[in-house]
Amino acid sequence: QLQLAESGGGLVQAGGSLRLTCAGSGFTLNNYAIAWFRQAPGKEREGVSCFSRLDDSTWYSDSVKGRFTLSMDRSKDTLFLQMNNLRPEDTAVYYCAADAWGKCGGPVRQIEYEYWGQGTQVTVSS
C-alpha cells in the first residue's frame with residue numbers, strides 16, 4: 001500500500017524554525033512531484049511548496065518564499081521542508097502529497113495529487 005508520512009511538526013515561538021519530513025512507504029518518490037499543503041482552522045487548504053523528482057523543479061507560495069526551503073535526501077527517499085522565521089499565520093496542519101510524473105512549474109493544485117499523508121500540526125505562538 002502506498003503511503004506518505006509527515007513528521008517534525010510542533011510548537012515554536014514566532015521567529016523560530018522547524019523542519020518537516022515527508023517519507024514514502026510502499027513506493028519510491030522517484031518520478032513524483034512532492035508538494036506541501038497546509039490547512040489552518042477555518043481556512044481552505046493551500047499549497048505551500050513543491051519539488052519534482054523528474055526535473056528538480058521547485059515552487060514556493062509567495063507567503064513562504066524566502067523563509068521555507070525544500071531539500072531532498074535521495075538516499076533515504078525523503079523530502080524535507082525547512083521552515084525558518086516562522087510566523088503565527090503559519091500555524092496549520094501541514095500535509096505532504098505526491099503526484100506521479102508531476103512537475104512544479106507553478107502553483108500546486110490539490111486535485112493533481114494522488115497520495116496524501118495524515119498531516120502534522122505546526123503551531124507558532126506570538
# chains A, B, ... in the order shown; residues from 1 in each chain; ligands from 1
$ residues_around --residues "Leu70 (chain A)" --least-positions-apart "3" --cutoff "8 Å" --atoms "only C-alpha atoms" --output "PDB file with N, CA and C atoms, in the first residue's frame"
ATOM      1  N   SER A  49       4.537  24.546  -1.146  1.00  0.00           N
ATOM      2  CA  SER A  49       5.766  24.345  -1.910  1.00  0.00           C
ATOM      3  C   SER A  49       5.693  23.019  -2.629  1.00  0.00           C
ATOM      4  N   CYS A  50       6.634  22.841  -3.556  1.00  0.00           N
ATOM      5  CA  CYS A  50       6.610  21.646  -4.396  1.00  0.00           C
ATOM      6  C   CYS A  50       8.015  21.367  -4.900  1.00  0.00           C
ATOM      7  N   PHE A  51       8.340  20.078  -5.026  1.00  0.00           N
ATOM      8  CA  PHE A  51       9.611  19.664  -5.614  1.00  0.00           C
ATOM      9  C   PHE A  51       9.337  18.477  -6.520  1.00  0.00           C
ATOM     10  N   LEU A  79      11.836  13.878   1.686  1.00  0.00           N
ATOM     11  CA  LEU A  79      11.802  15.305   1.376  1.00  0.00           C
ATOM     12  C   LEU A  79      11.679  16.079   2.673  1.00  0.00           C
ATOM     13  N   PHE A  80      12.441  17.150   2.772  1.00  0.00           N
ATOM     14  CA  PHE A  80      12.410  18.000   3.951  1.00  0.00           C
ATOM     15  C   PHE A  80      11.874  19.382   3.585  1.00  0.00           C
ATOM     16  N   LEU A  81      11.163  19.976   4.523  1.00  0.00           N
ATOM     17  CA  LEU A  81      10.746  21.373   4.399  1.00  0.00           C
ATOM     18  C   LEU A  81      11.310  22.119   5.603  1.00  0.00           C
ATOM     19  N   GLN A  82      12.355  22.882   5.360  1.00  0.00           N
ATOM     20  CA  GLN A  82      12.943  23.690   6.415  1.00  0.00           C
ATOM     21  C   GLN A  82      12.171  24.998   6.505  1.00  0.00           C
TER      22      GLN A  82
END
$ closest_atom_pairs --of "region 36-59 of chain A" --to "region 112-122 of chain A" --cutoff "12 Å" --atoms "only C-alpha atoms" --output "JSON lines"
{"residue": "A:Trp36", "atom": "CA", "partner": "A:Trp116", "partner_atom": "CA", "distance": 9.7}
{"residue": "A:Phe37", "atom": "CA", "partner": "A:Gly119", "partner_atom": "CA", "distance": 9.2}
{"residue": "A:Arg38", "atom": "CA", "partner": "A:Gly119", "partner_atom": "CA", "distance": 8.5}
{"residue": "A:Gln39", "atom": "CA", "partner": "A:Gly119", "partner_atom": "CA", "distance": 9.5}
{"residue": "A:Ala40", "atom": "CA", "partner": "A:Val122", "partner_atom": "CA", "distance": 9.6}
{"residue": "A:Pro41", "atom": "CA", "partner": "A:Gln121", "partner_atom": "CA", "distance": 11.1}
{"residue": "A:Arg45", "atom": "CA", "partner": "A:Gly119", "partner_atom": "CA", "distance": 11.7}
{"residue": "A:Gly47", "atom": "CA", "partner": "A:Tyr113", "partner_atom": "CA", "distance": 11.2}
{"residue": "A:Cys50", "atom": "CA", "partner": "A:Tyr113", "partner_atom": "CA", "distance": 11.2}
$ write_last_selection --atoms "C-alpha atoms" --output "mmCIF file, in the first residue's frame"
data_model
loop_
_atom_site.group_PDB
_atom_site.id
_atom_site.type_symbol
_atom_site.label_atom_id
_atom_site.label_comp_id
_atom_site.auth_asym_id
_atom_site.auth_seq_id
_atom_site.Cartn_x
_atom_site.Cartn_y
_atom_site.Cartn_z
ATOM 1 C CA TRP A 36 3.428 20.505 0.875
ATOM 2 C CA PHE A 37 -0.019 21.872 1.600
ATOM 3 C CA ARG A 38 -1.322 23.384 4.794
ATOM 4 C CA GLN A 39 -4.724 23.999 6.303
ATOM 5 C CA ALA A 40 -5.355 26.464 9.071
ATOM 6 C CA PRO A 41 -8.518 26.305 11.191
ATOM 7 C CA ARG A 45 -6.137 24.010 2.245
ATOM 8 C CA GLY A 47 -0.315 24.873 -1.479
ATOM 9 C CA CYS A 50 6.610 21.646 -4.396
#
$ closest_residue --among "A:Ser57, A:Thr78, A:Ser17, A:Ser63" --to "Leu4 (chain A)" --atoms "only C-alpha atoms"
A:Thr78
$ closest_residue --among "A:Ala92, A:Met83, A:Arg109, A:Gly15" --to "Lys43 (chain A)" --atoms "only C-alpha atoms"
A:Ala92
$ closest_residue --among "A:Val48, A:Leu86, A:Asp55, A:Cys96" --to "Gly24 (chain A)" --atoms "only C-alpha atoms"
A:Cys96
$ residues_around --residues "Arg74 (chain A)" --least-positions-apart "3" --cutoff "10 Å" --atoms "only C-alpha atoms" --output "PyMOL selection string"
chain A and resi 28-30+53+71+77-79
$ select_by_dssp --residues "chain A" --states "strand (DSSP E or B)" --output "MDAnalysis selection string"
chainID A and resid 3:7 10:13 18:25 32:39 46:52 58:60 68:73 78:83 92:100 115:116 120:125
$ write_last_selection --atoms "C-alpha atoms" --output "short mmCIF file (atom, residue, chain, number, x, y, z; two decimals), in the first residue's frame"
data_model
loop_
_atom_site.label_atom_id
_atom_site.label_comp_id
_atom_site.auth_asym_id
_atom_site.auth_seq_id
_atom_site.Cartn_x
_atom_site.Cartn_y
_atom_site.Cartn_z
CA GLN A 3 1.59 5.79 1.91
CA LEU A 4 3.17 9.09 2.84
CA ALA A 5 4.07 10.10 6.35
CA GLU A 6 4.90 13.53 7.69
CA SER A 7 6.81 14.30 10.85
CA GLY A 10 5.41 21.03 16.89
CA LEU A 11 5.05 24.22 18.87
CA VAL A 12 7.51 27.03 18.29
CA GLN A 13 7.70 30.73 19.05
CA LEU A 18 11.04 23.69 12.31
CA ARG A 19 11.93 21.03 9.78
CA LEU A 20 9.20 18.85 8.39
CA THR A 21 9.88 15.45 6.86
CA CYS A 22 7.90 13.57 4.22
CA ALA A 23 8.70 9.93 3.57
CA GLY A 24 7.05 7.41 1.33
CA SER A 25 6.39 3.78 2.11
CA TYR A 32 6.84 12.11 -8.48
CA ALA A 33 6.26 15.69 -7.61
CA ILE A 34 6.01 16.04 -3.86
CA ALA A 35 4.16 19.03 -2.50
CA TRP A 36 3.43 20.51 0.88
CA PHE A 37 -0.02 21.87 1.60
CA ARG A 38 -1.32 23.38 4.79
CA GLN A 39 -4.72 24.00 6.30
CA GLU A 46 -3.44 25.88 0.36
CA GLY A 47 -0.31 24.87 -1.48
CA VAL A 48 2.97 25.87 0.15
CA SER A 49 5.77 24.34 -1.91
CA CYS A 50 6.61 21.65 -4.40
CA PHE A 51 9.61 19.66 -5.61
CA SER A 52 9.68 17.45 -8.68
CA THR A 58 10.60 23.75 -7.31
CA TRP A 59 7.84 26.15 -6.43
CA TYR A 60 7.05 28.18 -3.32
CA PHE A 68 10.89 27.95 3.65
CA THR A 69 13.33 25.71 1.79
CA LEU A 70 12.89 22.28 0.27
CA SER A 71 15.61 19.66 0.20
CA MET A 72 15.77 16.02 -0.75
CA ASP A 73 17.76 13.19 0.77
CA THR A 78 12.84 11.71 1.97
CA LEU A 79 11.80 15.31 1.38
CA PHE A 80 12.41 18.00 3.95
CA LEU A 81 10.75 21.37 4.40
CA GLN A 82 12.94 23.69 6.41
CA MET A 83 10.79 26.46 7.86
CA ALA A 92 -1.73 24.94 10.35
CA VAL A 93 -1.77 21.23 9.73
CA TYR A 94 0.86 20.52 7.09
CA TYR A 95 0.35 17.71 4.59
CA CYS A 96 2.70 16.24 2.04
CA ALA A 97 1.29 14.82 -1.16
CA ALA A 98 2.65 13.07 -4.23
CA ASP A 99 1.73 13.42 -7.89
CA ALA A 100 3.03 10.79 -10.31
CA TYR A 115 -1.29 10.29 -2.41
CA TRP A 116 -1.56 12.17 0.86
CA THR A 120 1.49 17.16 11.10
CA GLN A 121 0.49 20.10 13.27
CA VAL A 122 2.62 23.24 13.27
CA THR A 123 1.78 25.85 15.88
CA VAL A 124 3.57 29.19 16.04
CA SER A 125 2.98 31.30 19.13
#
$ atom_distance --atom1 "CA of Ser126 (chain A)" --atom2 "CA of Arg87 (chain A)"
7.5 Å
$ atom_distance --atom1 "CA of Gly42 (chain A)" --atom2 "CA of Pro88 (chain A)"
14.9 Å
$ atom_distance --atom1 "CA of Ile111 (chain A)" --atom2 "CA of Thr91 (chain A)"
23.0 Å
$ decode --residues "region 76-120 of chain A" --atoms "N, CA and C atoms" --output "compact mmCIF listing (two decimals), in the first residue's frame"
# COMPACT_ATOMS: atom_id res chain seq x y z
N LYS A 76 17.68 8.41 1.20
CA LYS A 76 16.62 7.99 2.10
C LYS A 76 15.24 8.22 1.50
N ASP A 77 15.22 8.77 0.28
CA ASP A 77 13.95 9.00 -0.41
C ASP A 77 13.02 9.83 0.47
N THR A 78 13.57 10.88 1.01
CA THR A 78 12.84 11.71 1.97
C THR A 78 12.95 13.17 1.58
N LEU A 79 11.84 13.88 1.69
CA LEU A 79 11.80 15.31 1.38
C LEU A 79 11.68 16.08 2.67
N PHE A 80 12.44 17.15 2.77
CA PHE A 80 12.41 18.00 3.95
C PHE A 80 11.87 19.38 3.59
N LEU A 81 11.16 19.98 4.52
CA LEU A 81 10.75 21.37 4.40
C LEU A 81 11.31 22.12 5.60
N GLN A 82 12.36 22.88 5.36
CA GLN A 82 12.94 23.69 6.41
C GLN A 82 12.17 25.00 6.51
N MET A 83 11.62 25.28 7.67
CA MET A 83 10.79 26.46 7.86
C MET A 83 11.48 27.39 8.87
N ASN A 84 11.90 28.51 8.39
CA ASN A 84 12.58 29.49 9.22
C ASN A 84 11.73 30.74 9.40
N ASN A 85 12.08 31.53 10.41
CA ASN A 85 11.37 32.78 10.67
C ASN A 85 9.86 32.58 10.67
N LEU A 86 9.43 31.58 11.41
CA LEU A 86 8.01 31.24 11.43
C LEU A 86 7.18 32.34 12.04
N ARG A 87 5.97 32.45 11.53
CA ARG A 87 5.02 33.48 11.96
C ARG A 87 3.76 32.81 12.49
N PRO A 88 3.01 33.48 13.34
CA PRO A 88 1.75 32.89 13.82
C PRO A 88 0.82 32.46 12.68
N GLU A 89 0.84 33.19 11.58
CA GLU A 89 -0.04 32.83 10.46
C GLU A 89 0.41 31.57 9.72
N ASP A 90 1.57 31.03 10.09
CA ASP A 90 2.00 29.74 9.54
C ASP A 90 1.37 28.57 10.29
N THR A 91 0.68 28.85 11.37
CA THR A 91 0.03 27.79 12.15
C THR A 91 -1.00 27.07 11.29
N ALA A 92 -0.86 25.75 11.20
CA ALA A 92 -1.73 24.94 10.35
C ALA A 92 -1.34 23.47 10.50
N VAL A 93 -2.17 22.62 9.94
CA VAL A 93 -1.77 21.23 9.73
C VAL A 93 -1.10 21.17 8.35
N TYR A 94 0.09 20.61 8.32
CA TYR A 94 0.86 20.52 7.09
C TYR A 94 0.79 19.10 6.54
N TYR A 95 0.49 19.00 5.27
CA TYR A 95 0.35 17.71 4.59
C TYR A 95 1.38 17.63 3.46
N CYS A 96 1.96 16.45 3.27
CA CYS A 96 2.70 16.24 2.04
C CYS A 96 1.86 15.35 1.13
N ALA A 97 2.07 15.53 -0.15
CA ALA A 97 1.29 14.82 -1.16
C ALA A 97 2.17 14.54 -2.36
N ALA A 98 1.84 13.47 -3.09
CA ALA A 98 2.65 13.07 -4.23
C ALA A 98 1.80 12.96 -5.49
N ASP A 99 2.38 13.42 -6.58
CA ASP A 99 1.73 13.42 -7.89
C ASP A 99 2.65 12.71 -8.87
N ALA A 100 2.20 11.55 -9.39
CA ALA A 100 3.03 10.79 -10.31
C ALA A 100 3.30 11.58 -11.58
N TRP A 101 4.56 11.62 -11.94
CA TRP A 101 5.02 12.30 -13.16
C TRP A 101 4.75 13.81 -13.12
N GLY A 102 4.61 14.34 -11.93
CA GLY A 102 4.31 15.77 -11.82
C GLY A 102 5.54 16.65 -11.89
N LYS A 103 5.32 17.90 -12.22
CA LYS A 103 6.37 18.91 -12.22
C LYS A 103 5.88 20.10 -11.42
N CYS A 104 6.81 20.98 -11.08
CA CYS A 104 6.49 22.07 -10.17
C CYS A 104 6.77 23.42 -10.81
N GLY A 105 6.09 23.66 -11.92
CA GLY A 105 6.31 24.92 -12.63
C GLY A 105 5.50 26.08 -12.12
N GLY A 106 4.55 25.81 -11.23
CA GLY A 106 3.70 26.89 -10.76
C GLY A 106 2.88 26.43 -9.57
N PRO A 107 1.88 27.22 -9.21
CA PRO A 107 1.06 26.88 -8.03
C PRO A 107 0.52 25.46 -8.10
N VAL A 108 0.57 24.77 -6.97
CA VAL A 108 0.11 23.39 -6.94
C VAL A 108 -1.41 23.33 -6.78
N ARG A 109 -1.99 22.28 -7.32
CA ARG A 109 -3.43 22.07 -7.23
C ARG A 109 -3.70 20.73 -6.56
N GLN A 110 -4.49 20.74 -5.55
CA GLN A 110 -4.74 19.52 -4.76
C GLN A 110 -5.23 18.38 -5.63
N ILE A 111 -6.06 18.69 -6.60
CA ILE A 111 -6.71 17.65 -7.40
C ILE A 111 -5.70 16.81 -8.15
N GLU A 112 -4.50 17.33 -8.37
CA GLU A 112 -3.49 16.61 -9.14
C GLU A 112 -2.72 15.60 -8.29
N TYR A 113 -2.89 15.64 -6.98
CA TYR A 113 -2.08 14.82 -6.08
C TYR A 113 -2.86 13.59 -5.62
N GLU A 114 -2.29 12.43 -5.93
CA GLU A 114 -2.99 11.17 -5.68
C GLU A 114 -2.79 10.62 -4.27
N TYR A 115 -1.64 10.88 -3.70
CA TYR A 115 -1.29 10.29 -2.41
C TYR A 115 -1.06 11.38 -1.38
N TRP A 116 -1.61 11.16 -0.20
CA TRP A 116 -1.56 12.17 0.86
C TRP A 116 -1.15 11.54 2.19
N GLY A 117 -0.39 12.31 2.96
CA GLY A 117 -0.12 11.90 4.32
C GLY A 117 -1.23 12.33 5.26
N GLN A 118 -1.08 11.99 6.53
CA GLN A 118 -2.10 12.30 7.52
C GLN A 118 -1.97 13.70 8.09
N GLY A 119 -0.85 14.32 7.87
CA GLY A 119 -0.64 15.69 8.34
C GLY A 119 0.12 15.76 9.65
N THR A 120 0.78 16.89 9.85
CA THR A 120 1.49 17.16 11.10
C THR A 120 1.18 18.60 11.51
